[in-house]
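Single-structure report; data block below.
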Amino acid sequence: MSRLHNENHLISRVGWLRAAVLGANDGIVSTASLIVGVAAADAAASNVLVAGVAGLVAGAMSMAAGEYVSVSSQSDTEQADLAREKGELSTQPDFERQELAEIYVKRGLEPTLAFQVADQLMAKDALGAHARDELGISEVTAARPIQAALSSAAAFSVGAAMPLAMALVSPAAWLAATVSVASLLFLAVLGAIGAKVGGANVLRATVRVTFWGAFAMALTAGIGAVVGTAAI
């Protein structure tokens, strides 16, 4: 029997999409804030650019390391749960069958049918059935540390390069304003793209990332101005 329609669910994108959006957002916000803050302290244009480049490199490395460590911790927890479940399936198969059937009963199946489903799924892949339905671990949502680290570092670098490029082409007198306005536009586009790819509300996502980016840059600029004035 042919399928009536093709389904393209968006949950399969959640792993790389979260890392990519987070990385690009951090790249834009942190680098733009750093540039604006240093510029507000009346630093020379060359110093502002050095600070921006340093922020890009350090931020990309930090994002990669942070994502790898955090997602590796998630992966370790998943593997530990799977190992425990595998042992229980070996030593307590009847209990595990009962447990899986009860899950299906809670989802709405009749007890007899629930046991039939549990038996058939366990006959094919007992660990996979329990991982998916008892532990909530699936191929789609499983932790992938290297993918998350590379996605975050690459996205951060791309995001950070945007305000840095604006700092390179902007006149010194307008550097802070140019970087600020351009970065807010970049954030708005990022929020819209991320929402579109993830199937979320575009306006809400755009406003959210733009607001927090503006807040971060304003706060950093204020601190930079105070520090610059105090240092004179």
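We name chains A, B, ... following the order of the structure tokens; residues begin at 1 in each chain, and ligands are numbered from 1 as shown.
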Using DSSP assignments from the backbone, pull out every residue in chain A that falls under alpha helix (DSSP H) and give it to me as a PDB file with C-alpha atoms, in the first residue's frame.
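Contents of the output file part_26.pdb:
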```
ATOM      1  CA  VAL A  14      16.834  19.472  17.405  1.00  0.00           C
ATOM      2  CA  GLY A  15      20.407  18.394  18.177  1.00  0.00           C
ATOM      3  CA  TRP A  16      22.340  20.366  15.603  1.00  0.00           C
ATOM      4  CA  LEU A  17      19.788  23.195  15.447  1.00  0.00           C
ATOM      5  CA  ARG A  18      20.060  23.949  19.164  1.00  0.00           C
ATOM      6  CA  ALA A  19      23.854  23.968  19.026  1.00  0.00           C
ATOM      7  CA  ALA A  20      23.983  26.033  15.823  1.00  0.00           C
ATOM      8  CA  VAL A  21      21.499  28.688  16.948  1.00  0.00           C
ATOM      9  CA  LEU A  22      23.085  28.925  20.389  1.00  0.00           C
ATOM     10  CA  GLY A  23      26.558  29.221  18.884  1.00  0.00           C
ATOM     11  CA  ALA A  24      25.654  31.857  16.306  1.00  0.00           C
ATOM     12  CA  ASN A  25      23.645  33.863  18.828  1.00  0.00           C
ATOM     13  CA  ASP A  26      26.513  33.819  21.333  1.00  0.00           C
ATOM     14  CA  GLY A  27      28.974  34.710  18.598  1.00  0.00           C
ATOM     15  CA  ILE A  28      27.044  37.800  17.574  1.00  0.00           C
ATOM     16  CA  VAL A  29      26.097  38.949  21.071  1.00  0.00           C
ATOM     17  CA  SER A  30      29.408  38.351  22.845  1.00  0.00           C
ATOM     18  CA  THR A  31      31.632  39.712  20.076  1.00  0.00           C
ATOM     19  CA  ALA A  32      29.419  42.709  19.369  1.00  0.00           C
ATOM     20  CA  SER A  33      29.164  43.460  23.087  1.00  0.00           C
ATOM     21  CA  LEU A  34      32.932  43.156  23.463  1.00  0.00           C
ATOM     22  CA  ILE A  35      33.573  45.478  20.522  1.00  0.00           C
ATOM     23  CA  VAL A  36      30.987  48.019  21.669  1.00  0.00           C
ATOM     24  CA  GLY A  37      32.242  47.908  25.266  1.00  0.00           C
ATOM     25  CA  VAL A  38      35.872  48.435  24.296  1.00  0.00           C
ATOM     26  CA  ALA A  39      34.896  51.175  21.827  1.00  0.00           C
ATOM     27  CA  ALA A  40      32.849  52.913  24.539  1.00  0.00           C
ATOM     28  CA  ALA A  45      40.332  51.244  16.666  1.00  0.00           C
ATOM     29  CA  SER A  46      43.216  48.769  16.458  1.00  0.00           C
ATOM     30  CA  ASN A  47      42.633  47.730  20.072  1.00  0.00           C
ATOM     31  CA  VAL A  48      38.943  47.259  19.388  1.00  0.00           C
ATOM     32  CA  LEU A  49      39.727  44.941  16.472  1.00  0.00           C
ATOM     33  CA  VAL A  50      42.258  42.956  18.500  1.00  0.00           C
ATOM     34  CA  ALA A  51      39.661  42.510  21.234  1.00  0.00           C
ATOM     35  CA  GLY A  52      37.103  41.367  18.663  1.00  0.00           C
ATOM     36  CA  VAL A  53      39.429  38.791  17.091  1.00  0.00           C
ATOM     37  CA  ALA A  54      40.463  37.505  20.514  1.00  0.00           C
ATOM     38  CA  GLY A  55      36.803  37.225  21.470  1.00  0.00           C
ATOM     39  CA  LEU A  56      36.040  35.237  18.322  1.00  0.00           C
ATOM     40  CA  VAL A  57      38.839  32.711  18.843  1.00  0.00           C
ATOM     41  CA  ALA A  58      38.350  32.332  22.586  1.00  0.00           C
ATOM     42  CA  GLY A  59      34.586  32.123  22.253  1.00  0.00           C
ATOM     43  CA  ALA A  60      34.670  29.462  19.542  1.00  0.00           C
ATOM     44  CA  MET A  61      37.028  27.304  21.582  1.00  0.00           C
ATOM     45  CA  SER A  62      34.951  27.828  24.712  1.00  0.00           C
ATOM     46  CA  MET A  63      31.730  26.899  22.926  1.00  0.00           C
ATOM     47  CA  ALA A  64      33.275  23.746  21.462  1.00  0.00           C
ATOM     48  CA  ALA A  65      34.709  22.635  24.789  1.00  0.00           C
ATOM     49  CA  GLY A  66      31.570  23.490  26.723  1.00  0.00           C
ATOM     50  CA  GLU A  67      29.249  21.696  24.314  1.00  0.00           C
ATOM     51  CA  TYR A  68      31.500  18.656  24.149  1.00  0.00           C
ATOM     52  CA  VAL A  69      31.746  18.347  27.929  1.00  0.00           C
ATOM     53  CA  SER A  70      28.048  18.927  28.608  1.00  0.00           C
ATOM     54  CA  VAL A  71      26.761  16.667  25.829  1.00  0.00           C
ATOM     55  CA  SER A  72      29.353  14.015  26.756  1.00  0.00           C
ATOM     56  CA  SER A  73      27.903  14.024  30.262  1.00  0.00           C
ATOM     57  CA  GLN A  74      24.464  13.446  28.775  1.00  0.00           C
ATOM     58  CA  SER A  75      25.859  10.652  26.606  1.00  0.00           C
ATOM     59  CA  ASP A  76      27.554   9.022  29.611  1.00  0.00           C
ATOM     60  CA  THR A  77      24.262   9.076  31.503  1.00  0.00           C
ATOM     61  CA  GLU A  78      22.428   7.539  28.553  1.00  0.00           C
ATOM     62  CA  GLN A  79      25.026   4.794  28.192  1.00  0.00           C
ATOM     63  CA  ALA A  80      24.893   4.044  31.922  1.00  0.00           C
ATOM     64  CA  ASP A  81      21.104   3.737  31.784  1.00  0.00           C
ATOM     65  CA  LEU A  82      21.304   1.493  28.729  1.00  0.00           C
ATOM     66  CA  ALA A  83      23.870  -0.747  30.413  1.00  0.00           C
ATOM     67  CA  ARG A  84      21.663  -1.015  33.502  1.00  0.00           C
ATOM     68  CA  GLU A  85      18.621  -1.778  31.355  1.00  0.00           C
ATOM     69  CA  LYS A  86      20.548  -4.436  29.421  1.00  0.00           C
ATOM     70  CA  GLY A  87      21.480  -6.137  32.679  1.00  0.00           C
ATOM     71  CA  GLU A  88      17.897  -6.067  33.925  1.00  0.00           C
ATOM     72  CA  LEU A  89      16.671  -7.559  30.654  1.00  0.00           C
ATOM     73  CA  SER A  90      19.135 -10.401  31.123  1.00  0.00           C
ATOM     74  CA  THR A  91      18.315 -11.116  34.768  1.00  0.00           C
ATOM     75  CA  PRO A  93      13.017 -10.495  31.609  1.00  0.00           C
ATOM     76  CA  ASP A  94       9.527 -11.112  33.022  1.00  0.00           C
ATOM     77  CA  PHE A  95       9.630  -7.989  35.143  1.00  0.00           C
ATOM     78  CA  GLU A  96      10.844  -5.920  32.189  1.00  0.00           C
ATOM     79  CA  ARG A  97       8.056  -7.338  30.015  1.00  0.00           C
ATOM     80  CA  GLN A  98       5.532  -6.350  32.668  1.00  0.00           C
ATOM     81  CA  GLU A  99       7.073  -2.904  32.951  1.00  0.00           C
ATOM     82  CA  LEU A 100       6.940  -2.272  29.219  1.00  0.00           C
ATOM     83  CA  ALA A 101       3.354  -3.486  28.966  1.00  0.00           C
ATOM     84  CA  GLU A 102       2.307  -1.162  31.797  1.00  0.00           C
ATOM     85  CA  ILE A 103       3.760   1.756  29.878  1.00  0.00           C
ATOM     86  CA  TYR A 104       1.543   0.904  26.913  1.00  0.00           C
ATOM     87  CA  VAL A 105      -1.489   0.481  29.156  1.00  0.00           C
ATOM     88  CA  LYS A 106      -0.913   3.999  30.513  1.00  0.00           C
ATOM     89  CA  PRO A 111      -3.770  -4.926  28.863  1.00  0.00           C
ATOM     90  CA  THR A 112      -3.968  -7.913  26.514  1.00  0.00           C
ATOM     91  CA  LEU A 113      -2.914  -5.850  23.528  1.00  0.00           C
ATOM     92  CA  ALA A 114      -0.241  -4.084  25.580  1.00  0.00           C
ATOM     93  CA  PHE A 115       1.391  -7.415  26.422  1.00  0.00           C
ATOM     94  CA  GLN A 116       1.198  -8.495  22.783  1.00  0.00           C
ATOM     95  CA  VAL A 117       2.913  -5.298  21.692  1.00  0.00           C
ATOM     96  CA  ALA A 118       5.551  -5.650  24.403  1.00  0.00           C
ATOM     97  CA  ASP A 119       6.232  -9.263  23.397  1.00  0.00           C
ATOM     98  CA  GLN A 120       6.607  -8.446  19.715  1.00  0.00           C
ATOM     99  CA  LEU A 121       8.836  -5.428  20.286  1.00  0.00           C
ATOM    100  CA  MET A 122      11.033  -7.263  22.776  1.00  0.00           C
ATOM    101  CA  ALA A 123      11.346 -10.213  20.415  1.00  0.00           C
ATOM    102  CA  LYS A 124      12.782  -7.915  17.764  1.00  0.00           C
ATOM    103  CA  ASP A 125      14.857  -5.509  19.902  1.00  0.00           C
ATOM    104  CA  ALA A 126      14.243  -5.650  23.632  1.00  0.00           C
ATOM    105  CA  LEU A 127      16.865  -3.042  24.568  1.00  0.00           C
ATOM    106  CA  GLY A 128      15.722  -0.683  21.831  1.00  0.00           C
ATOM    107  CA  ALA A 129      12.101  -0.941  22.942  1.00  0.00           C
ATOM    108  CA  HIS A 130      12.953  -0.190  26.562  1.00  0.00           C
ATOM    109  CA  PRO A 145      29.101  15.321  21.668  1.00  0.00           C
ATOM    110  CA  ILE A 146      31.336  15.788  18.624  1.00  0.00           C
ATOM    111  CA  GLN A 147      28.466  16.980  16.432  1.00  0.00           C
ATOM    112  CA  ALA A 148      27.374  19.458  19.090  1.00  0.00           C
ATOM    113  CA  ALA A 149      30.924  20.748  19.641  1.00  0.00           C
ATOM    114  CA  LEU A 150      31.681  21.260  15.942  1.00  0.00           C
ATOM    115  CA  SER A 151      28.285  22.835  15.259  1.00  0.00           C
ATOM    116  CA  SER A 152      28.649  25.272  18.137  1.00  0.00           C
ATOM    117  CA  ALA A 153      32.230  26.285  17.296  1.00  0.00           C
ATOM    118  CA  ALA A 154      31.448  26.777  13.611  1.00  0.00           C
ATOM    119  CA  ALA A 155      28.233  28.676  14.317  1.00  0.00           C
ATOM    120  CA  PHE A 156      29.940  30.877  16.913  1.00  0.00           C
ATOM    121  CA  SER A 157      32.712  31.731  14.462  1.00  0.00           C
ATOM    122  CA  VAL A 158      30.218  32.661  11.750  1.00  0.00           C
ATOM    123  CA  GLY A 159      28.183  34.739  14.184  1.00  0.00           C
ATOM    124  CA  ALA A 160      31.226  36.488  15.653  1.00  0.00           C
ATOM    125  CA  ALA A 161      32.612  37.266  12.199  1.00  0.00           C
ATOM    126  CA  MET A 162      29.578  39.447  11.422  1.00  0.00           C
ATOM    127  CA  PRO A 163      30.093  42.232  13.994  1.00  0.00           C
ATOM    128  CA  LEU A 164      33.860  41.920  13.521  1.00  0.00           C
ATOM    129  CA  ALA A 165      33.447  42.550   9.782  1.00  0.00           C
ATOM    130  CA  MET A 166      31.320  45.611  10.542  1.00  0.00           C
ATOM    131  CA  ALA A 167      34.049  46.902  12.874  1.00  0.00           C
ATOM    132  CA  LEU A 168      36.596  46.521  10.065  1.00  0.00           C
ATOM    133  CA  VAL A 169      34.627  48.598   7.540  1.00  0.00           C
ATOM    134  CA  LEU A 175      32.116  52.085  15.086  1.00  0.00           C
ATOM    135  CA  ALA A 176      29.995  51.409  18.168  1.00  0.00           C
ATOM    136  CA  ALA A 177      26.756  52.536  16.543  1.00  0.00           C
ATOM    137  CA  THR A 178      27.416  50.649  13.312  1.00  0.00           C
ATOM    138  CA  VAL A 179      28.294  47.410  15.073  1.00  0.00           C
ATOM    139  CA  SER A 180      25.299  47.699  17.401  1.00  0.00           C
ATOM    140  CA  VAL A 181      22.708  48.313  14.686  1.00  0.00           C
ATOM    141  CA  ALA A 182      24.151  45.729  12.317  1.00  0.00           C
ATOM    142  CA  SER A 183      24.385  43.115  15.072  1.00  0.00           C
ATOM    143  CA  LEU A 184      20.761  43.627  16.041  1.00  0.00           C
ATOM    144  CA  LEU A 185      19.793  43.075  12.404  1.00  0.00           C
ATOM    145  CA  PHE A 186      21.935  39.930  12.314  1.00  0.00           C
ATOM    146  CA  LEU A 187      20.245  38.678  15.484  1.00  0.00           C
ATOM    147  CA  ALA A 188      16.791  39.359  14.059  1.00  0.00           C
ATOM    148  CA  VAL A 189      17.645  37.366  10.924  1.00  0.00           C
ATOM    149  CA  LEU A 190      19.128  34.562  13.032  1.00  0.00           C
ATOM    150  CA  GLY A 191      16.035  34.385  15.201  1.00  0.00           C
ATOM    151  CA  ALA A 192      13.779  34.248  12.155  1.00  0.00           C
ATOM    152  CA  ILE A 193      15.860  31.554  10.422  1.00  0.00           C
ATOM    153  CA  GLY A 194      16.126  29.436  13.567  1.00  0.00           C
ATOM    154  CA  ALA A 195      12.389  29.645  14.139  1.00  0.00           C
ATOM    155  CA  LYS A 196      11.607  28.843  10.515  1.00  0.00           C
ATOM    156  CA  VAL A 197      13.887  25.810  10.427  1.00  0.00           C
ATOM    157  CA  GLY A 198      12.592  24.588  13.791  1.00  0.00           C
ATOM    158  CA  VAL A 202       9.067  33.514  13.851  1.00  0.00           C
ATOM    159  CA  LEU A 203       8.024  36.807  15.427  1.00  0.00           C
ATOM    160  CA  ARG A 204       8.427  35.561  18.992  1.00  0.00           C
ATOM    161  CA  ALA A 205      11.880  34.122  18.301  1.00  0.00           C
ATOM    162  CA  THR A 206      13.022  37.263  16.488  1.00  0.00           C
ATOM    163  CA  VAL A 207      11.910  39.584  19.271  1.00  0.00           C
ATOM    164  CA  ARG A 208      13.450  37.340  21.931  1.00  0.00           C
ATOM    165  CA  VAL A 209      16.954  37.182  20.488  1.00  0.00           C
ATOM    166  CA  THR A 210      16.952  40.844  19.453  1.00  0.00           C
ATOM    167  CA  PHE A 211      15.860  42.064  22.886  1.00  0.00           C
ATOM    168  CA  TRP A 212      18.492  40.128  24.807  1.00  0.00           C
ATOM    169  CA  GLY A 213      21.179  41.096  22.311  1.00  0.00           C
ATOM    170  CA  ALA A 214      20.303  44.775  22.690  1.00  0.00           C
ATOM    171  CA  PHE A 215      20.301  44.424  26.471  1.00  0.00           C
ATOM    172  CA  ALA A 216      23.738  42.785  26.492  1.00  0.00           C
ATOM    173  CA  MET A 217      25.276  45.403  24.208  1.00  0.00           C
ATOM    174  CA  ALA A 218      23.751  48.308  26.128  1.00  0.00           C
ATOM    175  CA  LEU A 219      24.977  46.934  29.434  1.00  0.00           C
ATOM    176  CA  THR A 220      28.489  46.307  28.109  1.00  0.00           C
ATOM    177  CA  ALA A 221      28.653  49.741  26.490  1.00  0.00           C
ATOM    178  CA  GLY A 222      27.632  51.345  29.772  1.00  0.00           C
ATOM    179  CA  ILE A 223      30.298  49.470  31.696  1.00  0.00           C
ATOM    180  CA  GLY A 224      32.879  50.307  29.046  1.00  0.00           C
ATOM    181  CA  ALA A 225      32.014  54.009  29.208  1.00  0.00           C
ATOM    182  CA  VAL A 226      32.270  54.042  33.012  1.00  0.00           C
ATOM    183  CA  VAL A 227      35.593  52.204  32.998  1.00  0.00           C
ATOM    184  CA  GLY A 228      36.945  54.412  30.225  1.00  0.00           C
ATOM    185  CA  THR A 229      35.967  57.574  32.112  1.00  0.00           C
ATOM    186  CA  ALA A 230      37.473  56.287  35.363  1.00  0.00           C
ATOM    187  CA  ALA A 231      40.725  55.407  33.640  1.00  0.00           C
TER     188      ALA A 231
END
```
